[in-house]
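Asks: What follows is a single structure, and I will ask about it in a moment.
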Amino acid sequence: MHLQLGQHPAPTHAVAHLSDPHLLTDGARQYGVVDTEAGLQCALARLRHVHPAPQVLVFTGDLADRAEPAAYARLRAIVEPVAAELGAQTVWVMGNHDERPAFSASLYGAASQEPQDRAHDVDGLRVVALDTSVPGYHHGDLTDAQLTWLAEVLATPAEHGTVLAMHHPPIPVPMLRAGELIELADQERLAEVVRGTDVRAILGGHFHFSSYSTFAGIPVSVASASCYTSDPAPVDRFVSGVDGHQAFTMMHVYADRVVHTVVPLAPAPELTGYPSDAAAQLATLSPEERRELLSRKDSDFNATYENHEPRASPTV
C-alpha cells in the first residue's frame with residue numbers, strides 16, 4: 001500500500017532501466033579486470049530493495065560483450081528468476097556489442113539477421129525496444145523500414161503512453177567527445193517520427209555514464225553500466241574507462257511526468273537513517289501531525305536527527 005506523504009499520488013509504473021552488462025563467459029574478465037557477472041548480480045541485488053518493485057526491467061543493450069550464445073544463456077539464467085521474483089517483465093534491447101543472430105536465437109528462440117524491434121505492453125505502458133545497431137560497426141542508425149514500423153506502432157496511442165528503449169541515445173555527449181564518433185546517425189529522422197506522439201520518455205545506454213537531455217521535446221535518460229564506466233572528467237585522457245561509479249536508473253511514470261533516479265551499485269556506510277517500520281508508524285498520524293514531526297526544525301525527530309545521535313524509529 002502506498003502511503004501518500006506529499007502532494008503527488010503513487011506513480012502508475014516503476015521501470016528499472018539497466019544497461020551495458022557486457023556479460024562474458026567462462027570466468028573471463030573485461031580488460032582482464034572487470035567481473036561483468038558480479039556487476040550484474042550486484043545490480044539485481046540492489047534492485048530487490050527497490051519499493052515498489054518495478055513492473056519491467058529494461059536492458060538497453062550491450063548485453064553480451066562478445067555476443068556469445070553462452071553469455072546470453074547465462075544472462076537469462078541470472079535475470080529471469082529475479083524478474084519472476086519481482087513479478088516484472090523483461091525487455092531486451094540490441095547494442096553494438098550484440099549480434100542479431102545470437103541475440104534473437106538465445107533470447108527469442110529464432111535466429112535472425114533482421115533488426116530486433118519489438119513492442120511490449122506493461123500494464124498499459126507501451127515499451128518499444130528499438131534496434132539501433134549497425135552490423136560490423138559501433139555507431140547507431142535506423143533504416144527507413146524501422147522508422148516506418150515505429151510510426152505505425154505510435155499511430156495508436158497506448159493507455160499510459162510509450163517508452164522508447166534504444167542503445168544509442170539521441171543526445172549530445174559534451175562530457176565524452178569520443179562518443180560523438182559512435183552516436184546515433186541522422187537523429188532528425190527519428191525526431192520526425194516521435195515528435196507529437198505519445199512517447200513519454202526515451203531510455204538509452206552506450207556511453208557508460210548517467211546523462212539526461214531532451215529529444216523532440218521528450219525527456220531522455222541514459223543509464224550507466226553495470227560493468228565498467230566512462231569517467232566524464234578524466235585527467236589528461238581523451239577516453240578513460242574505470243572500474244567504478246556503476247549504477248542503474250529507476251524511472252517512475254506519473255500521469256503528467258516521469259522521474260528518473262540513479263541507484264549506485266557500490267555499497268556505502270550509513271551515516272544517518274531510520275528503520276523501515278517508521279513508515280508504518282507515520283501512517284498512524286494525520287498529515288498535519290506528520291508535517292509537525294518531520295518538517296518543524298525543533299521537533300523531537302529533527303533534534304535527534306540533526307545531532308547525529310543513534311536512534312530507532314521516530315516516536316509517534
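Residue numbers start at 1 in each chain; chains themselves are named A, B, ... in the order of the C-alpha cells; ligands are numbered from 1 in the order shown.
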Just the residues within 12 Å of Val220 in chain A, please, counting only C-alpha atoms, with nothing from its chain fewer than 6 positions along; format it as a ChimeraX atom specification.
Replies: /A:163-172,199-205,210-214,251,258-260
Asks: For the residues in the current selection, export C-alpha atoms as a tab-separated table (two decimals), in the first residue's frame.
Replies:
chain	number	residue	atom	x	y	z
A	163	VAL	CA	8.65	4.48	-23.54
A	164	LEU	CA	11.21	4.13	-26.32
A	165	ALA	CA	14.23	1.98	-25.34
A	166	MET	CA	17.31	2.06	-27.55
A	167	HIS	CA	21.03	1.56	-27.13
A	168	HIS	CA	22.30	4.70	-28.90
A	169	PRO	CA	20.60	7.67	-27.21
A	170	PRO	CA	19.83	10.67	-29.46
A	171	ILE	CA	21.60	13.28	-27.33
A	172	PRO	CA	24.81	15.35	-27.40
A	199	VAL	CA	6.30	8.81	-26.34
A	200	ARG	CA	6.78	9.81	-22.70
A	201	ALA	CA	10.49	9.05	-22.37
A	202	ILE	CA	13.48	7.69	-24.27
A	203	LEU	CA	15.88	5.32	-22.49
A	204	GLY	CA	19.41	4.66	-23.72
A	205	GLY	CA	22.82	3.35	-22.75
A	210	SER	CA	24.35	8.59	-16.49
A	211	SER	CA	23.19	11.53	-18.57
A	212	TYR	CA	19.96	13.41	-19.31
A	213	SER	CA	18.61	15.56	-22.12
A	214	THR	CA	15.55	16.08	-24.30
A	251	MET	CA	12.06	5.60	-13.84
A	258	VAL	CA	8.37	10.93	-15.40
A	259	VAL	CA	11.00	10.91	-12.64
A	260	HIS	CA	14.47	9.35	-13.02
Asks: Can you tell me which residues surround range 245-249 of chain A at a distance of at most 7 Å, considering only C-alpha atoms, apart from same-chain residues fewer than 6 positions away, and format the answer as number ranges by chain?
Replies: A: 16-18, 223-229, 260-265
Asks: Within 10 Å of Arg48 in chain A, counting only C-alpha atoms, which residues qualify if same-chain residues fewer than 6 places away don't, as a ChimeraX atom specification?
Replies: /A:54,82-83,85-86
Asks: List every residue of range 51-297 of chain A that DSSP, applied to the backbone of this structure, assigns to alpha helix (DSSP H), and report them as a PDB file with C-alpha atoms, in the first residue's frame.
Replies:
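Once written, result.pdb looks like this:
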ATOM      1  CA  PRO A  69      25.388 -17.603 -27.151  1.00  0.00           C
ATOM      2  CA  ALA A  70      26.571 -18.902 -23.775  1.00  0.00           C
ATOM      3  CA  ALA A  71      26.663 -15.344 -22.441  1.00  0.00           C
ATOM      4  CA  TYR A  72      23.042 -14.748 -23.471  1.00  0.00           C
ATOM      5  CA  ALA A  73      22.056 -18.049 -21.854  1.00  0.00           C
ATOM      6  CA  ARG A  74      23.832 -17.012 -18.660  1.00  0.00           C
ATOM      7  CA  LEU A  75      22.129 -13.608 -18.808  1.00  0.00           C
ATOM      8  CA  ARG A  76      18.728 -15.251 -18.875  1.00  0.00           C
ATOM      9  CA  ALA A  77      19.680 -17.631 -16.080  1.00  0.00           C
ATOM     10  CA  ILE A  78      20.673 -14.683 -13.884  1.00  0.00           C
ATOM     11  CA  VAL A  79      17.968 -12.157 -14.748  1.00  0.00           C
ATOM     12  CA  GLU A  80      14.804 -14.165 -15.343  1.00  0.00           C
ATOM     13  CA  PRO A  81      14.494 -15.655 -11.824  1.00  0.00           C
ATOM     14  CA  VAL A  82      14.837 -12.165 -10.321  1.00  0.00           C
ATOM     15  CA  ALA A  83      12.271 -10.755 -12.739  1.00  0.00           C
ATOM     16  CA  ALA A  84       9.885 -13.578 -11.798  1.00  0.00           C
ATOM     17  CA  GLU A  85      10.502 -12.907  -8.108  1.00  0.00           C
ATOM     18  CA  LEU A  86       9.637  -9.245  -8.628  1.00  0.00           C
ATOM     19  CA  ARG A 100      21.426 -10.210 -34.125  1.00  0.00           C
ATOM     20  CA  PRO A 101      21.569 -13.975 -34.847  1.00  0.00           C
ATOM     21  CA  ALA A 102      22.869 -14.903 -31.387  1.00  0.00           C
ATOM     22  CA  PHE A 103      20.680 -12.292 -29.647  1.00  0.00           C
ATOM     23  CA  SER A 104      17.477 -13.415 -31.366  1.00  0.00           C
ATOM     24  CA  ALA A 105      18.182 -17.140 -31.107  1.00  0.00           C
ATOM     25  CA  SER A 106      19.165 -17.009 -27.442  1.00  0.00           C
ATOM     26  CA  LEU A 107      16.543 -14.567 -26.177  1.00  0.00           C
ATOM     27  CA  TYR A 108      13.625 -15.129 -28.573  1.00  0.00           C
ATOM     28  CA  ASP A 144      13.649   3.518 -43.405  1.00  0.00           C
ATOM     29  CA  ALA A 145      11.749   0.296 -42.728  1.00  0.00           C
ATOM     30  CA  GLN A 146      12.373   0.592 -38.983  1.00  0.00           C
ATOM     31  CA  LEU A 147      11.170   4.179 -38.898  1.00  0.00           C
ATOM     32  CA  THR A 148       8.053   3.228 -40.858  1.00  0.00           C
ATOM     33  CA  TRP A 149       7.371   0.379 -38.418  1.00  0.00           C
ATOM     34  CA  LEU A 150       7.831   2.717 -35.443  1.00  0.00           C
ATOM     35  CA  ALA A 151       5.475   5.296 -36.947  1.00  0.00           C
ATOM     36  CA  GLU A 152       2.836   2.616 -37.419  1.00  0.00           C
ATOM     37  CA  VAL A 153       3.207   1.455 -33.815  1.00  0.00           C
ATOM     38  CA  LEU A 154       2.939   5.008 -32.470  1.00  0.00           C
ATOM     39  CA  GLN A 187      18.883  11.749 -35.466  1.00  0.00           C
ATOM     40  CA  GLU A 188      16.457  14.197 -37.041  1.00  0.00           C
ATOM     41  CA  ARG A 189      14.862  11.330 -38.971  1.00  0.00           C
ATOM     42  CA  LEU A 190      13.859   9.734 -35.672  1.00  0.00           C
ATOM     43  CA  ALA A 191      12.720  13.101 -34.323  1.00  0.00           C
ATOM     44  CA  GLU A 192      10.278  13.442 -37.198  1.00  0.00           C
ATOM     45  CA  VAL A 193       8.694  10.112 -36.228  1.00  0.00           C
ATOM     46  CA  VAL A 194       8.383  10.615 -32.461  1.00  0.00           C
ATOM     47  CA  ALA A 278       8.988   4.161  10.505  1.00  0.00           C
ATOM     48  CA  ALA A 279       6.641   4.312   7.507  1.00  0.00           C
ATOM     49  CA  ALA A 280       4.038   2.199   9.276  1.00  0.00           C
ATOM     50  CA  GLN A 281       4.231   4.450  12.322  1.00  0.00           C
ATOM     51  CA  LEU A 282       3.896   7.583  10.215  1.00  0.00           C
ATOM     52  CA  PRO A 287      -0.987  14.854   7.562  1.00  0.00           C
ATOM     53  CA  GLU A 288      -0.710  17.780   9.967  1.00  0.00           C
ATOM     54  CA  GLU A 289       0.998  15.642  12.620  1.00  0.00           C
ATOM     55  CA  ARG A 290       3.426  14.236  10.087  1.00  0.00           C
ATOM     56  CA  ARG A 291       4.403  17.734   8.956  1.00  0.00           C
ATOM     57  CA  GLU A 292       4.962  18.886  12.530  1.00  0.00           C
ATOM     58  CA  LEU A 293       7.126  15.847  13.263  1.00  0.00           C
ATOM     59  CA  LEU A 294       9.222  15.848  10.091  1.00  0.00           C
ATOM     60  CA  SER A 295       9.252  19.491   8.999  1.00  0.00           C
TER      61      SER A 295
END
Asks: Give me the residues near Val91 in chain A as a list in words, where near means some atom within 7 Å (using only C-alpha atoms) and where sequence neighbours in that chain fewer than 2 positions away do not count.
Replies: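 The residues satisfying every condition are Leu57, Val58, Phe59, Gln89 and Val93 of chain A.
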Asks: Generate the output file for the selected residues, N, CA and C atoms, as an mmCIF file, in the first residue's frame.
Replies:
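Final file, result-v6.cif:
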data_model
loop_
_atom_site.group_PDB
_atom_site.id
_atom_site.type_symbol
_atom_site.label_atom_id
_atom_site.label_comp_id
_atom_site.auth_asym_id
_atom_site.auth_seq_id
_atom_site.Cartn_x
_atom_site.Cartn_y
_atom_site.Cartn_z
ATOM 1 N N LEU A 57 11.865 -4.696 -16.295
ATOM 2 C CA LEU A 57 13.305 -4.461 -16.315
ATOM 3 C C LEU A 57 13.687 -4.225 -17.771
ATOM 4 N N VAL A 58 14.210 -3.055 -18.077
ATOM 5 C CA VAL A 58 14.592 -2.707 -19.446
ATOM 6 C C VAL A 58 16.118 -2.660 -19.523
ATOM 7 N N PHE A 59 16.686 -3.530 -20.347
ATOM 8 C CA PHE A 59 18.130 -3.583 -20.546
ATOM 9 C C PHE A 59 18.457 -2.955 -21.897
ATOM 10 N N GLN A 89 8.199 -7.935 -16.072
ATOM 11 C CA GLN A 89 8.582 -8.328 -17.422
ATOM 12 C C GLN A 89 10.043 -7.944 -17.655
ATOM 13 N N VAL A 93 17.169 -5.134 -25.334
ATOM 14 C CA VAL A 93 17.429 -4.221 -26.444
ATOM 15 C C VAL A 93 18.808 -4.537 -27.021
#
Asks: Can you work out which one of A:Leu142, A:Val33, A:Leu63, A:Ala185 has the shortest atom-to-atom distance to Gly241 in chain A, counting only C-alpha atoms?
Replies: A:Val33
Asks: List the spatial neighbours of Leu24 in chain A as a VMD selection string - criterion: any atom at most 8 Å away, only C-alpha atoms, same-chain residues fewer than 4 positions off excluded.
Replies: chain A and resid 28 to 30 36 to 37 64 to 66 68 71
Asks: For each of A:His22, A:His206, A:His97, A:Lys297, take the minimum atom-to-atom distance to Val173 in chain A, counting only C-alpha atoms, then give the residue where this is smallest.
Replies: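 For Val173 in chain A, the nearest of the candidates is A:His206.
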Asks: So, with only C-alpha atoms as the atoms that count, which of A:His139, A:His49, A:Arg126, A:His160 lies closest to Ala255 in chain A?
Replies: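 Counting only C-alpha atoms, the residue closest to Ala255 in chain A is A:His160.
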Asks: Could you find all residues in range 183-230 of chain A that DSSP calls strand (DSSP E) from the backbone, and write them as a list in words?
Replies: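 Answer for range 183-230 of chain A, restricted to strand (DSSP E): Val199, Arg200, Ala201, Ile202, Leu203, Gly204, Ser211, Tyr212, Ser213, Thr214, Phe215, Ile218, Pro219, Val220, Ser221, Val222, Thr229 and Ser230 of chain A.
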Asks: Once you have the residues from the selection above, write them out as a short mmCIF file (atom, residue, chain, number, x, y, z; two decimals), in the first residue's frame, restricted to N, CA and C atoms.
Replies:
data_model
loop_
_atom_site.label_atom_id
_atom_site.label_comp_id
_atom_site.auth_asym_id
_atom_site.auth_seq_id
_atom_site.Cartn_x
_atom_site.Cartn_y
_atom_site.Cartn_z
N VAL A 199 5.05 9.21 -26.98
CA VAL A 199 6.30 8.81 -26.34
C VAL A 199 6.57 9.70 -25.13
N ARG A 200 6.61 9.08 -23.96
CA ARG A 200 6.78 9.81 -22.70
C ARG A 200 8.25 9.98 -22.33
N ALA A 201 9.08 9.02 -22.74
CA ALA A 201 10.49 9.05 -22.37
C ALA A 201 11.28 8.18 -23.33
N ILE A 202 12.55 8.50 -23.49
CA ILE A 202 13.48 7.69 -24.27
C ILE A 202 14.59 7.24 -23.34
N LEU A 203 14.84 5.91 -23.33
CA LEU A 203 15.88 5.32 -22.49
C LEU A 203 17.02 4.83 -23.37
N GLY A 204 18.26 5.09 -22.95
CA GLY A 204 19.41 4.66 -23.72
C GLY A 204 20.56 4.25 -22.83
N SER A 211 23.31 10.23 -17.92
CA SER A 211 23.19 11.53 -18.57
C SER A 211 21.72 11.78 -18.89
N TYR A 212 21.36 13.05 -19.08
CA TYR A 212 19.96 13.41 -19.31
C TYR A 212 19.88 14.52 -20.34
N SER A 213 18.82 14.52 -21.12
CA SER A 213 18.61 15.56 -22.12
C SER A 213 17.14 15.51 -22.55
N THR A 214 16.85 16.19 -23.64
CA THR A 214 15.55 16.08 -24.30
C THR A 214 15.79 15.85 -25.79
N PHE A 215 14.80 15.28 -26.42
CA PHE A 215 14.88 14.99 -27.86
C PHE A 215 13.48 15.12 -28.43
N ILE A 218 11.02 15.36 -25.82
CA ILE A 218 10.82 14.17 -24.98
C ILE A 218 12.01 14.01 -24.05
N PRO A 219 11.79 13.74 -22.75
CA PRO A 219 12.91 13.50 -21.84
C PRO A 219 13.71 12.27 -22.25
N VAL A 220 15.03 12.38 -22.17
CA VAL A 220 15.93 11.26 -22.48
C VAL A 220 16.76 10.97 -21.24
N SER A 221 16.84 9.70 -20.88
CA SER A 221 17.66 9.25 -19.76
C SER A 221 18.62 8.18 -20.24
N VAL A 222 19.91 8.41 -19.97
CA VAL A 222 20.95 7.44 -20.31
C VAL A 222 21.43 6.80 -19.01
N THR A 229 32.69 1.83 -16.31
CA THR A 229 32.04 3.08 -16.67
C THR A 229 33.05 4.02 -17.32
N SER A 230 32.54 5.05 -17.97
CA SER A 230 33.37 6.09 -18.57
C SER A 230 33.51 7.25 -17.58
#
Asks: If we count only C-alpha atoms and set the cut-off at 6 Å, which residues sit around Ser133 in chain A, ignoring sequence neighbours fewer than 6 positions away in its own chain? Please answer as a compact mmCIF listing (two decimals) with C-alpha atoms, in the first residue's frame.
Replies:
# COMPACT_ATOMS: atom_id res chain seq x y z
CA GLY A 95 23.51 -2.91 -28.56
CA ASN A 96 26.60 -2.50 -30.72
CA GLY A 140 23.97 3.53 -34.44
Asks: Between A:Gly217, A:Pro9, A:Gly32, A:Ile182, which residue has the minimum interatomic distance to Arg195 in chain A, considering only C-alpha atoms?
Replies: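 Ranking A:Gly217, A:Pro9, A:Gly32, A:Ile182 by distance to Arg195 in chain A, first place goes to A:Gly217.
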Asks: Could you tell me which of A:Ala216, A:Val253, A:Ala283, A:Val34 comes closest to Thr162 in chain A if we count only C-alpha atoms?
Replies: A:Val253
Asks: Find the distance between CA of Ala110 in chain A and CA of Gly61 in chain A and write it in Å to one decimal.
Replies: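 Answer for the CA of Ala110 in chain A to CA of Gly61 in chain A separation: 18.6 Å.
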Asks: Looking at A:Asp123, A:Gly244, A:Gly196, A:Ser19, which one is nearest to Ala266 in chain A, with distances taken over only C-alpha atoms?
Replies: A:Gly244
Asks: Work out how far CA of Asp20 in chain A is from CA of Asp243 in chain A, in Å to one decimal.
Replies: 13.6 Å
Asks: Do you have the CA of Ala111 in chain A-CA of Trp92 in chain A distance handy?
Replies: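 We find that CA of Ala111 in chain A and CA of Trp92 in chain A lie 15.0 Å from each other.
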